[in-house]
Every structure is written in structure tokens, then in C-alpha cells.
>>> print(open('query.cif').read())   # mmCIF, C-alpha atoms
data_final
#
loop_
_atom_site.label_atom_id
_atom_site.label_comp_id
_atom_site.auth_asym_id
_atom_site.auth_seq_id
_atom_site.Cartn_x
_atom_site.Cartn_y
_atom_site.Cartn_z
CA MET A 1 24.47 102.62 103.07
CA ILE A 2 24.67 99.91 105.70
CA GLY A 3 22.42 96.88 106.17
CA ARG A 4 22.43 94.33 109.02
CA PHE A 5 21.33 90.73 108.56
CA ARG A 6 21.39 87.40 110.36
CA VAL A 7 21.35 84.53 107.86
CA LEU A 8 21.69 80.90 109.02
CA GLY A 9 23.25 82.10 112.24
CA VAL A 10 25.73 84.40 110.53
CA ASP A 11 25.56 88.09 111.52
CA LEU A 12 26.55 90.34 108.65
CA ARG A 13 27.08 94.02 108.12
CA VAL A 14 26.72 94.93 104.46
CA GLU A 15 28.06 98.25 103.25
CA GLY A 16 27.91 99.65 99.74
CA PRO A 17 26.04 101.88 97.31
CA THR A 18 22.52 102.69 98.55
CA ASP A 19 20.71 101.09 95.59
CA VAL A 20 22.67 97.84 95.90
CA VAL A 21 22.31 97.50 99.67
CA SER A 22 18.60 98.36 99.27
CA SER A 23 18.17 95.54 96.74
CA ILE A 24 19.88 93.01 98.98
CA GLY A 25 17.83 94.38 101.88
CA ALA A 26 14.62 93.80 99.91
CA ALA A 27 15.60 90.23 98.99
CA TYR A 28 16.61 89.46 102.58
CA ALA A 29 14.03 91.61 104.37
CA ARG A 30 13.04 88.72 106.62
CA PHE A 31 16.67 88.30 107.73
CA LYS A 32 17.17 91.93 108.77
CA ILE A 33 18.26 92.70 112.31
CA PRO A 34 18.37 96.10 114.02
CA ALA A 35 21.25 98.34 113.03
CA ASN A 36 22.36 98.59 116.67
CA SER A 37 22.63 94.80 117.15
CA PRO A 38 25.83 93.54 118.82
CA ALA A 39 28.96 93.55 116.70
CA PRO A 40 28.55 91.42 113.57
CA HIS A 41 30.62 88.34 112.77
CA LEU A 42 31.44 89.63 109.33
CA CYS A 43 31.46 92.78 107.26
CA VAL A 44 31.13 92.72 103.49
CA THR A 45 31.67 95.67 101.23
CA VAL A 46 32.89 96.64 97.76
CA PRO A 47 35.42 99.24 96.64
CA PRO A 48 33.85 102.67 95.91
CA GLY A 49 32.99 103.07 92.24
CA SER A 50 33.18 99.35 91.48
CA PRO A 51 31.49 98.77 88.09
CA ASP A 52 30.10 95.42 89.25
CA ALA A 53 28.96 96.61 92.66
CA GLU A 54 25.60 94.79 92.58
CA MET A 55 27.02 91.44 91.50
CA LEU A 56 30.18 91.75 93.59
CA LEU A 57 28.45 92.75 96.83
CA TYR A 58 25.77 90.10 96.46
CA GLN A 59 28.39 87.47 95.67
CA ARG A 60 30.41 88.46 98.74
CA PHE A 61 27.28 88.48 100.89
CA LEU A 62 26.32 84.96 99.79
CA ALA A 63 29.88 83.68 99.96
CA ALA A 64 30.16 84.91 103.56
CA VAL A 65 26.91 83.19 104.50
CA LEU A 66 27.85 79.92 102.81
CA LEU A 67 31.36 79.88 104.25
CA HIS A 68 30.28 80.54 107.82
CA ALA A 69 26.84 78.93 108.08
CA GLU A 70 26.59 75.85 110.21
CA PRO A 71 25.56 73.14 110.70
CA GLN A 72 23.18 72.88 107.77
CA ALA A 73 23.98 71.65 104.29
CA VAL A 74 22.60 74.34 102.00
CA PHE A 75 21.22 72.98 98.74
CA HIS A 76 20.24 74.87 95.63
CA GLY A 77 16.57 74.01 95.84
CA ALA A 78 13.22 74.79 97.34
CA ALA A 79 11.91 73.64 100.71
CA LEU A 80 8.22 73.18 101.43
CA VAL A 81 5.98 71.59 104.03
CA ASP A 82 3.31 69.17 102.83
CA ARG A 83 -0.19 69.16 104.26
CA GLY A 84 0.79 66.44 106.75
CA GLY A 85 3.67 68.52 108.11
CA GLY A 86 6.44 66.65 106.28
CA GLY A 87 9.27 68.53 104.63
CA LEU A 88 9.68 68.42 100.85
CA LEU A 89 13.07 69.18 99.35
CA LEU A 90 12.73 70.09 95.69
CA ALA A 91 16.11 70.26 94.00
CA GLY A 92 17.38 70.39 90.47
CA PRO A 93 19.11 72.54 87.92
CA SER A 94 17.96 75.99 86.88
CA GLY A 95 15.41 76.07 84.10
CA HIS A 96 13.40 73.09 85.32
CA GLY A 97 10.65 75.22 86.83
CA LYS A 98 11.60 74.86 90.50
CA SER A 99 10.29 78.29 91.47
CA SER A 100 7.04 77.96 89.51
CA LEU A 101 6.42 74.48 90.94
CA THR A 102 7.14 75.76 94.44
CA LEU A 103 4.68 78.62 94.10
CA ALA A 104 2.02 76.33 92.61
CA LEU A 105 2.37 73.94 95.56
CA VAL A 106 2.13 76.87 97.98
CA GLU A 107 -1.02 77.98 96.19
CA ARG A 108 -2.41 74.46 96.79
CA GLY A 109 -1.82 74.72 100.53
CA PHE A 110 1.79 73.64 101.08
CA GLY A 111 3.85 75.55 103.62
CA PHE A 112 6.74 77.67 102.33
CA LEU A 113 10.22 77.40 103.81
CA GLY A 114 12.32 78.72 100.95
CA ASP A 115 12.52 79.04 97.21
CA ASP A 116 16.15 78.97 96.15
CA TYR A 117 18.20 77.87 99.13
CA ALA A 118 17.21 74.81 101.13
CA PRO A 119 19.19 74.30 104.36
CA LEU A 120 19.07 70.71 105.61
CA ASP A 121 20.36 69.86 109.08
CA LEU A 122 22.04 66.52 108.44
CA SER A 123 22.04 65.40 112.06
CA SER A 124 18.32 65.96 112.67
CA ALA A 125 17.15 65.53 109.02
CA THR A 126 15.15 68.74 109.22
CA LEU A 127 14.63 71.38 106.57
CA TRP A 128 15.15 74.94 107.80
CA PRO A 129 13.43 78.11 106.66
CA PHE A 130 15.20 80.42 104.25
CA PRO A 131 12.52 83.02 103.48
CA ARG A 132 14.39 85.01 100.86
CA THR A 133 12.07 86.63 98.33
CA ALA A 134 11.22 84.85 95.09
CA SER A 135 12.86 86.38 92.00
CA VAL A 136 10.44 86.85 89.13
CA LEU A 137 11.21 88.08 85.63
CA PRO A 138 8.61 90.79 84.93
CA GLY A 139 6.75 89.99 81.72
CA GLY A 140 8.13 86.43 81.74
CA THR A 141 6.11 83.42 80.59
CA ALA A 142 6.68 81.19 83.62
CA PRO A 143 3.40 80.01 85.20
CA LEU A 144 2.90 81.98 88.41
CA PRO A 145 0.11 82.51 90.94
CA GLU A 146 -1.80 85.67 90.07
CA GLY A 147 -0.88 87.41 93.35
CA VAL A 148 2.81 86.85 92.71
CA ARG A 149 2.57 88.07 89.12
CA ARG A 150 0.68 91.19 90.18
CA LEU A 151 3.32 92.12 92.75
CA ALA A 152 6.15 91.41 90.32
CA GLU A 153 4.65 93.63 87.60
CA ARG A 154 4.39 96.69 89.88
CA ARG A 155 6.73 99.40 88.76
CA GLU A 156 7.89 100.04 92.31
CA ALA A 157 8.68 96.36 92.98
CA PRO A 158 12.26 96.05 94.28
CA ARG A 159 14.63 94.38 91.85
CA LEU A 160 17.88 92.47 91.91
CA PHE A 161 19.68 91.63 88.67
CA GLY A 162 16.62 92.80 86.74
CA LYS A 163 14.23 90.41 88.47
CA ALA A 164 11.37 91.59 90.67
CA LEU A 165 11.58 90.48 94.30
CA VAL A 166 8.36 89.09 95.71
CA ASP A 167 7.92 88.25 99.39
CA ILE A 168 5.99 84.97 99.39
CA GLY A 169 4.92 85.66 102.96
CA ALA A 170 3.14 88.80 101.75
CA VAL A 171 1.19 86.89 99.08
CA PHE A 172 0.52 83.73 101.12
CA PRO A 173 0.90 84.76 104.77
CA GLU A 174 -0.63 81.51 106.01
CA ALA A 175 1.97 79.50 104.05
CA LEU A 176 5.08 81.05 105.55
CA ARG A 177 6.86 78.64 107.93
CA MET A 178 9.57 79.89 110.24
CA GLU A 179 10.17 76.58 112.07
CA PRO A 180 12.15 73.58 110.75
CA ALA A 181 10.21 70.67 109.27
CA PRO A 182 11.21 66.98 109.36
CA LEU A 183 12.33 65.83 105.92
CA ARG A 184 9.88 63.37 104.39
CA THR A 185 10.15 63.68 100.59
CA VAL A 186 13.01 64.48 98.25
CA VAL A 187 12.26 65.31 94.63
CA VAL A 188 15.15 65.83 92.25
CA LEU A 189 14.11 67.34 88.95
CA GLY A 190 15.76 65.98 85.82
CA ALA A 191 15.55 63.13 83.40
CA PRO A 192 16.22 59.71 84.97
CA GLY A 193 19.36 58.18 83.59
CA THR A 194 20.71 61.57 82.55
CA GLU A 195 24.26 61.33 81.32
CA THR A 196 26.49 62.08 84.29
CA ASP A 197 29.91 62.36 82.73
CA VAL A 198 29.17 65.71 81.08
CA SER A 199 28.04 68.93 82.73
CA PHE A 200 27.68 72.52 81.61
CA LEU A 201 29.25 75.40 83.50
CA HIS A 202 28.39 79.07 83.06
CA LEU A 203 30.87 81.59 84.43
CA ALA A 204 30.94 85.39 84.62
CA ALA A 205 34.05 87.23 85.76
CA ARG A 206 35.41 90.75 85.89
CA ALA A 207 36.55 91.58 82.37
CA ALA A 208 39.84 92.91 83.69
CA ASP A 209 40.72 89.37 84.82
CA GLY A 210 39.26 87.73 81.70
CA ALA A 211 42.54 87.02 79.90
CA ARG A 212 44.08 85.38 82.97
CA LEU A 213 41.03 83.17 83.53
CA ALA A 214 40.76 82.31 79.82
CA SER A 215 44.36 81.17 79.88
CA ALA A 216 43.67 79.02 82.95
CA LEU A 217 40.61 77.51 81.29
CA ALA A 218 42.57 76.68 78.16
CA GLY A 219 44.98 74.63 80.28
CA ILE A 220 42.33 72.36 81.80
CA ALA A 221 41.82 69.08 79.95
CA GLY A 222 38.18 68.14 79.49
CA VAL A 223 36.86 71.71 79.31
CA VAL A 224 35.39 72.81 75.98
CA VAL A 225 34.56 76.50 75.61
CA GLU A 226 31.19 76.68 73.85
CA SER A 227 30.86 80.45 74.05
CA ASP A 228 33.05 83.30 75.26
CA GLU A 229 31.84 86.88 75.20
CA THR A 230 32.43 90.19 76.93
CA VAL A 231 29.31 92.05 78.03
CA GLY A 232 29.77 95.38 79.75
CA GLY A 233 32.39 94.91 82.42
CA GLN A 234 32.05 91.14 82.46
CA ARG A 235 33.51 88.26 80.53
CA ARG A 236 31.16 85.27 80.29
CA TRP A 237 31.82 81.69 79.32
CA SER A 238 29.61 78.69 78.65
CA LEU A 239 31.66 75.55 79.11
CA ARG A 240 31.11 71.88 78.42
CA VAL A 241 32.87 69.84 81.07
CA GLU A 242 33.84 66.26 80.26
CA HIS A 243 34.43 64.60 83.61
CA ALA A 244 36.15 61.51 82.23
CA GLN A 245 39.24 63.70 81.76
CA GLY A 246 39.23 64.72 85.43
CA PRO A 247 38.95 68.50 85.23
CA THR A 248 37.07 68.90 88.50
CA GLU A 249 39.87 69.90 90.85
CA ALA A 250 41.39 72.51 88.55
CA LEU A 251 37.96 73.87 87.69
CA GLY A 252 36.99 74.02 91.35
CA ALA A 253 39.93 76.29 92.11
CA LEU A 254 39.05 78.49 89.16
CA VAL A 255 35.40 78.82 90.18
CA GLU A 256 36.55 79.97 93.61
CA ASP A 257 38.77 82.68 92.10
CA GLU A 258 37.93 86.11 93.55
CA ALA A 259 37.42 87.49 90.01
CA VAL A 260 34.60 85.03 89.28
CA LEU A 261 31.35 86.85 89.98
CA TYR A 262 28.92 84.09 89.10
CA SER A 263 28.94 80.41 88.33
CA GLU A 264 26.26 77.88 87.66
CA ARG A 265 26.54 74.23 86.72
CA THR A 266 23.81 72.16 85.11
CA TRP A 267 23.79 68.45 84.39
CA SER A 268 21.11 68.18 81.76
CA GLY A 269 19.46 70.18 79.06
CA PRO A 270 16.15 72.01 79.51
CA PRO A 271 13.04 69.86 80.03
CA ASP A 272 10.29 69.42 77.47
CA PHE A 273 7.32 71.17 79.05
CA THR A 274 4.94 69.61 76.50
CA GLN A 275 5.56 65.99 77.48
CA ARG A 276 3.87 63.94 80.16
CA PRO A 277 5.85 64.15 83.43
CA SER A 278 7.09 60.99 85.10
CA ALA A 279 8.63 59.94 88.40
CA SER A 280 10.95 57.14 89.40
CA PRO A 281 12.06 56.13 92.90
CA LEU A 282 15.65 56.87 93.84
CA LYS A 283 17.78 54.96 96.27
CA ARG A 284 18.98 57.27 99.01
CA ARG A 285 22.55 57.02 97.81
CA GLU A 286 21.46 58.04 94.30
CA ALA A 287 19.51 60.96 95.71
CA ALA A 288 22.51 61.90 97.86
CA VAL A 289 24.80 61.98 94.82
CA LEU A 290 22.36 64.18 92.90
CA LEU A 291 21.79 66.47 95.89
CA THR A 292 25.50 66.82 96.60
CA ARG A 293 25.87 68.36 93.15
CA GLU A 294 23.49 71.06 94.34
CA LEU A 295 25.29 71.61 97.65
CA LEU A 296 26.28 75.26 97.89
CA ASN A 297 28.42 75.37 101.02
CA ARG A 298 31.08 72.81 100.14
CA ARG A 299 33.71 75.40 99.27
CA ARG A 300 37.10 74.76 100.75
CA GLY A 301 37.32 76.30 104.20
CA SER A 302 33.57 76.36 104.77
CA ARG A 303 32.44 75.75 108.32
CA PHE A 304 30.12 73.03 107.05
CA LEU A 305 33.12 71.00 105.87
CA GLN A 306 35.10 71.42 109.08
CA GLY A 307 35.22 68.19 111.04
CA ARG A 308 33.84 66.17 108.13
CA ALA A 309 35.71 63.34 106.49
CA ASP A 310 37.78 64.42 103.51
CA GLY A 311 36.49 63.94 100.02
CA ILE A 312 33.21 64.31 98.25
CA ALA A 313 32.33 60.70 99.07
CA GLY A 314 32.22 61.55 102.78
CA ILE A 315 29.66 64.29 102.13
CA VAL A 316 27.57 61.96 99.98
CA LEU A 317 27.52 59.43 102.83
CA ASP A 318 26.42 62.04 105.37
CA VAL A 319 23.67 63.26 103.05
CA ALA A 320 22.52 59.68 102.35
CA GLN A 321 22.22 59.00 106.06
CA ALA A 322 20.21 62.21 106.56
CA LEU A 323 17.78 61.00 103.89
CA ARG A 324 16.81 57.91 105.93
CA PRO A 325 13.41 59.28 106.97
CA ALA A 326 12.62 60.36 103.40
CA GLU A 327 11.24 58.82 100.24
CA CYS A 328 13.30 59.99 97.27
CA PHE A 329 12.21 60.44 93.66
CA GLN A 330 13.51 61.77 90.40
CA VAL A 331 10.88 63.66 88.44
CA ARG A 332 11.09 64.32 84.74
CA VAL A 333 9.34 67.65 84.38
CA GLY A 334 6.62 67.92 81.76
CA ARG A 335 3.32 69.72 81.38
CA PHE A 336 3.16 72.11 84.28
CA ALA A 337 -0.14 71.29 86.02
CA GLU A 338 0.49 67.55 85.65
CA THR A 339 3.95 67.96 87.16
CA VAL A 340 2.46 69.77 90.16
CA ASP A 341 -0.13 66.97 90.52
CA LEU A 342 2.62 64.37 90.35
CA ILE A 343 4.76 65.99 93.05
CA GLU A 344 1.72 66.38 95.27
CA ARG A 345 0.95 62.66 94.88
CA LEU A 346 4.55 61.76 95.73
CA THR A 347 4.34 63.67 99.01
CA GLU A 348 1.09 61.84 99.83
CA ARG A 349 2.80 58.53 99.10
CA SER A 350 5.69 59.47 101.41
CA ALA A 351 3.23 60.41 104.16
CA SER A 352 1.55 57.02 103.95
CA MET B 1 38.47 36.16 115.83
CA ASN B 2 34.98 37.57 115.58
CA PRO B 3 34.47 40.03 112.73
CA ARG B 4 33.84 43.60 113.81
CA PRO B 5 33.82 47.10 112.24
CA ALA B 6 37.36 48.09 111.29
CA PRO B 7 38.76 51.05 113.21
CA GLY B 8 38.89 54.06 110.88
CA ALA B 9 36.34 52.73 108.42
CA PHE B 10 34.00 55.56 107.48
CA GLY B 11 30.48 54.36 106.86
CA ARG B 12 26.89 55.52 107.08
CA ASP B 13 23.67 53.56 107.31
CA ALA B 14 21.17 54.86 104.72
CA GLY B 15 18.47 52.46 105.88
CA ASP B 16 18.13 50.31 102.80
CA GLU B 17 21.88 50.16 102.26
CA CYS B 18 25.12 50.75 104.14
CA LEU B 19 27.61 53.02 102.43
CA PHE B 20 31.37 53.15 103.00
CA ARG B 21 33.87 55.66 101.75
CA ASP B 22 37.09 54.30 100.30
CA SER B 23 40.36 55.49 101.80
CA ASP B 24 40.98 57.81 98.82
CA GLY B 25 37.71 59.61 99.58
CA MET B 26 36.56 59.34 95.99
CA ARG B 27 34.74 55.99 95.90
CA ILE B 28 31.78 54.60 97.78
CA HIS B 29 31.23 50.92 98.56
CA VAL B 30 27.57 49.97 98.74
CA LEU B 31 26.32 47.09 100.89
CA ASN B 32 22.90 46.00 99.71
CA ARG B 33 20.11 45.00 102.07
CA THR B 34 21.45 41.50 102.75
CA ALA B 35 25.07 42.56 103.05
CA ARG B 36 23.98 45.41 105.34
CA GLU B 37 22.26 42.92 107.59
CA ILE B 38 25.36 40.73 107.80
CA TYR B 39 27.56 43.78 108.43
CA LEU B 40 25.30 44.94 111.27
CA LEU B 41 25.51 41.47 112.87
CA CYS B 42 29.32 41.61 112.71
CA ASP B 43 29.66 43.68 115.87
CA GLY B 44 32.46 41.65 117.43
CA SER B 45 30.15 39.62 119.65
CA ARG B 46 29.51 36.81 117.16
CA SER B 47 31.67 34.46 115.12
CA SER B 48 31.00 34.08 111.39
CA ALA B 49 29.22 30.81 112.19
CA GLU B 50 26.98 32.57 114.70
CA VAL B 51 26.17 35.32 112.21
CA ALA B 52 25.29 32.65 109.64
CA GLY B 53 23.16 30.84 112.22
CA GLU B 54 21.24 34.04 112.95
CA LEU B 55 20.59 34.59 109.24
CA ALA B 56 19.57 30.96 108.70
CA HIS B 57 17.09 31.34 111.56
CA ARG B 58 15.67 34.63 110.23
CA TYR B 59 15.23 33.46 106.65
CA THR B 60 14.85 29.71 107.04
CA VAL B 61 17.80 28.90 104.78
CA ASP B 62 20.38 26.13 104.93
CA PRO B 63 22.96 27.03 107.65
CA GLY B 64 25.83 25.63 105.60
CA MET B 65 24.96 27.80 102.60
CA ALA B 66 24.50 30.84 104.86
CA LEU B 67 27.94 30.26 106.41
CA SER B 68 29.55 30.08 102.98
CA ASP B 69 27.91 33.39 102.00
CA VAL B 70 28.88 35.05 105.28
CA ASP B 71 32.49 33.87 104.99
CA ASP B 72 32.73 35.20 101.43
CA LEU B 73 31.29 38.58 102.42
CA VAL B 74 33.40 38.91 105.56
CA ASP B 75 36.54 38.12 103.53
CA LEU B 76 35.60 40.82 101.02
CA LEU B 77 34.80 43.43 103.68
CA VAL B 78 38.06 42.69 105.50
CA ARG B 79 39.96 43.19 102.22
CA LEU B 80 38.15 46.51 101.72
CA GLY B 81 39.00 47.66 105.25
CA ILE B 82 35.37 47.75 106.34
CA LEU B 83 35.59 44.85 108.81
CA SER B 84 38.47 43.49 110.84
CA ARG B 85 38.94 40.13 112.52
CA GLY B 86 40.36 41.30 115.77
#
>>> encode(input="query.cif", output="C-alpha cells")
Amino acid sequence: MIGRFRVLGVDLRVEGPTDVVSSIGAAYARFKIPANSPAPHLCVTVPPGSPDAEMLLYQRFLAAVLLHAEPQAVFHGAALVDRGGGGLLLAGPSGHGKSSLTLALVERGFGFLGDDYAPLDLSSATLWPFPRTASVLPGGTAPLPEGVRRLAERREAPRLFGKALVDIGAVFPEALRMEPAPLRTVVVLGAPGTETDVSFLHLAARAADGARLASALAGIAGVVVESDETVGGQRRWSLRVEHAQGPTEALGALVEDEAVLYSERTWSGPPDFTQRPSASPLKRREAAVLLTRELLNRRRGSRFLQGRADGIAGIVLDVAQALRPAECFQVRVGRFAETVDLIERLTERSAS
Amino acid sequence: MNPRPAPGAFGRDAGDECLFRDSDGMRIHVLNRTAREIYLLCDGSRSSAEVAGELAHRYTVDPGMALSDVDDLVDLLVRLGILSRG
């Protein structure tokens, strides 16, 4: 089966097993273009019979987008529009309730730009739409708007990696925004003062390449393997990364290895959802450092990096400058409704 | 010679601070609000004494003390490759 998409200016032709292309097509339904569109920039496919077709094709699809997208910096985060028309960038590690908070804010009248990928044009400081579907674990305990939960629980709901795909524009049509919004508030989820010299990296790779990657991991100082298991056709690691020993460069090359199907890095443990939430102002440079950790298109060779000064510090500087129109905060997530209230108040403070 | 931005220095103005990348690309120098203001006045059109005079006027401080502070900062920024004297 073949699907055609235009994502962040990148035209793609995706070819693979029908069920896999259908799943990607459901997640990126709002990015579809007619099959007879002019020749695409890129074609992504997987070998016939590949045991990891879903993961591999999706990884290649995303990698192609992130390598070729320009000029936006694409952050792992949500993008919303407050009631005054200002853009809210909500970033932070997985497990901090980003998606639930996003949907709760949409339910309260915020505009929706995107849930998982937040493109920020650094030159104009505008947040761009990325209306991929939300991914919801059916039967999960995360707080969700009733309309979203109902759609996710339907047996015929399209799924990707076991999660139901819900088009936010179908549940909240008035919330969907397809135009960029000027950045006004940045909220980074996580505990203020979180230890920064340790992070946690989760990797999944094709099992056939597992021994080679395990050997490479063993040779990197500062990497502690906390778990290592083979599940189906994949080998999965949970790693503790001690940055004082300088493992970043070697690890970066390993994460970009073709055999690595999935990687995710977190910088703090899960939040305590029973505590009172709190917020603290961030200087723009502090926010830029935290956001740059969540920057998805900084892989070597990406179009975003072309023409930029070398080194991570150069990216941090560009991000910091783009944050000039914004008020920046770090929010320690706590009880859900109070956290939503807190973020809403922060956007009102930025507007004033 | 009047202090001015050094050719090749890579910096960005974040509004409340000015940020400069070190030549190795791995470190960032941060100029706080006051240092940012001095840096922005060092555009090649003013001597250190004139920069100090402008600050003394803006903040009603002793011109001699302002000049001492400006000289110290300009020396530091020249050493870091952020400003040059010619």
C-alpha cells in the first residue's frame, strides 16, 4: 500500500504493508495529500516481510521528516493557543502528563496546534500546527476528556503501537488551529533544580543487531545498563547515563544507528500526582537549555542544522533568542486539575 | 580604540541577557542585564569613557566608578573574544 503526505514542507511517499501504512495514514490523516501529487521529495519503505515493519516504517517516516524539515525547530512537546491568541509551548519528558494536560486545556477553550511535536520557527518565534492524532492507551487511567475517551475505546478506532489514535479536530473542531501562533508562554514540566548530570535512556533495536550494539554500549564510559531484555524481535535497554564522564558523543552515534528502532531520554523520574503543583520562572537561557534537550531535529545532517553555528551551544543561543517574546516557567506537576489551573494562570500572566 | 563586537563572535540577545558561545561550541558566556547594556553600548562609536558617561547619566552613579566597571568588563570581554578594541 502507498500513502502520500506533506509534513512540515516535506513531501513523502510511504510504501509498506497495508495495515502499517493505514496506521500511519490514520495518525497523519491531516497531512495526507492526493496520491497523484507531483513527485515526492522522499520515499520511505521497508523490506518485504520485515518483522518490525510497523516500528521500522514509522521510524523511517519520522526520521525523514525530521531530517528534511525546515526551518522550524521541532520539540517533543505540545503546542496550544491561549484564549488571547498567544502560543503556549508545553514541553517535558514522557510520563509527566503532557497529553492529558493538553487535552484538558483544549477542553477549557485553548486552541490546539499539536500534541506531541511542537515546531517553533526560531526566526519569527511562532508555533506551527502539527495536527497529528493524539495517542491514547485504551483502558488507561490517564485523565481524558470524555469525548476523547469514548473515541479511543471504540473497537474500530485506528491504532499505532497498541494505542488508539484520536483526531482532536474531530472531538473539538472549534479548537483546531491550522495557522501559526506567536509564542507567548513556555512551560517546561519537571521538578525545578532537577539533577542535570544524570539522564535515563531507553533504546529498542533489532534483535539481530543486539550483540553488536551491546558491545558498543559496554565500551562507553558513563553508561550503566539498568535492564537489558529481548522481547519478540527486539532487544531493549534501559540505561543510566552519567554525563560527567562525557558519554554523549559516543551515545549520540549509537542512537543514530540504523538498527535502533526507538530511543527516548528522560531527565527526571515520574512526578508525584498527589502533591500540590508549583511553578517557578525560568530565565530564557535556562528554558532554552531544557528545550534543546527536547529538540528532535538536531540529528547530524538535518536541514535544521545546516547553516547554524557548530555545537549544541549555538542551538541553545538561537532558541534563547527565539524565546524573547515569551515568559518561561518550569512547572512541577502535581494533582491534575490544580496543574491545569496553574498552567492556565501562567498563560494569563504572560498575556498581561 | 573604541570597543566594538569582535568579528566572529557568536552571540544572541535573549532580552534579559546576552549569550555568547565559546569558540569550542560547548560553553555559553552569559552577560547579565547590566553587562548586556554595556555590551550593547560598545558598538564602536563610543570610547569606554563615553560608555561609562552614558551609564552614569542613565543611573545617576559616579562617573569614575562607572568607568572603572566598564574598563573591567571590556577587558574581560576582549579576553573572551566577545569585544575587540579595533
>>> atom_distance(input="query.cif", atom1="CA of Asn32 (chain B)", atom2="CA of Glu348 (chain A)")
27.0 Å
>>> resolve_selection(input="query.cif", expression="the PyMOL selection byres ((chain A) within 8 of (chain B))", output="compact mmCIF listing (two decimals) with C-alpha atoms, in the frame of the given file")
# COMPACT_ATOMS: atom_id res chain seq x y z
CA ARG A 284 18.98 57.27 99.01
CA ARG A 285 22.55 57.02 97.81
CA ASP A 310 37.78 64.42 103.51
CA GLY A 311 36.49 63.94 100.02
CA ILE A 312 33.21 64.31 98.25
CA ALA A 313 32.33 60.70 99.07
CA GLY A 314 32.22 61.55 102.78
CA LEU A 317 27.52 59.43 102.83
CA ASP A 318 26.42 62.04 105.37
CA ALA A 320 22.52 59.68 102.35
CA GLN A 321 22.22 59.00 106.06
CA ALA A 322 20.21 62.21 106.56
CA LEU A 323 17.78 61.00 103.89
CA ARG A 324 16.81 57.91 105.93
>>> residues_around(input="query.cif", residues="Ile82 (chain B)", least_positions_apart="2", cutoff="7 Å", atoms="all atoms listed in the file", output="VMD selection string")
chain B and resid 5 to 6 9 77 to 78 80 84
>>> residues_around(input="query.cif", residues="region 288-305 of chain A", least_positions_apart="5", cutoff="6 Å", atoms="only C-alpha atoms", output="list in words")
Leu66, Leu67, His68, Glu70, Pro71, Val74, Phe75, His76, Val316, Val319 and Ala320 of chain A
>>> resolve_selection(input="query.cif", expression="the PyMOL selection byres ((chain A and resi 64) around 12)", output="ChimeraX atom specification")
/A:5-14,41-45,57-63,65-70,296-297,299,301-303
>>> resolve_selection(input="query.cif", expression="the PyMOL selection byres ((chain A and resi 36) around 12)", output="JSON, numbers by chain")
{"A": [2, 3, 4, 5, 13, 32, 33, 34, 35, 37, 38, 39, 40]}
>>> atom_distance(input="query.cif", atom1="CA of Ala214 (chain A)", atom2="CA of Lys163 (chain A)")
29.1 Å
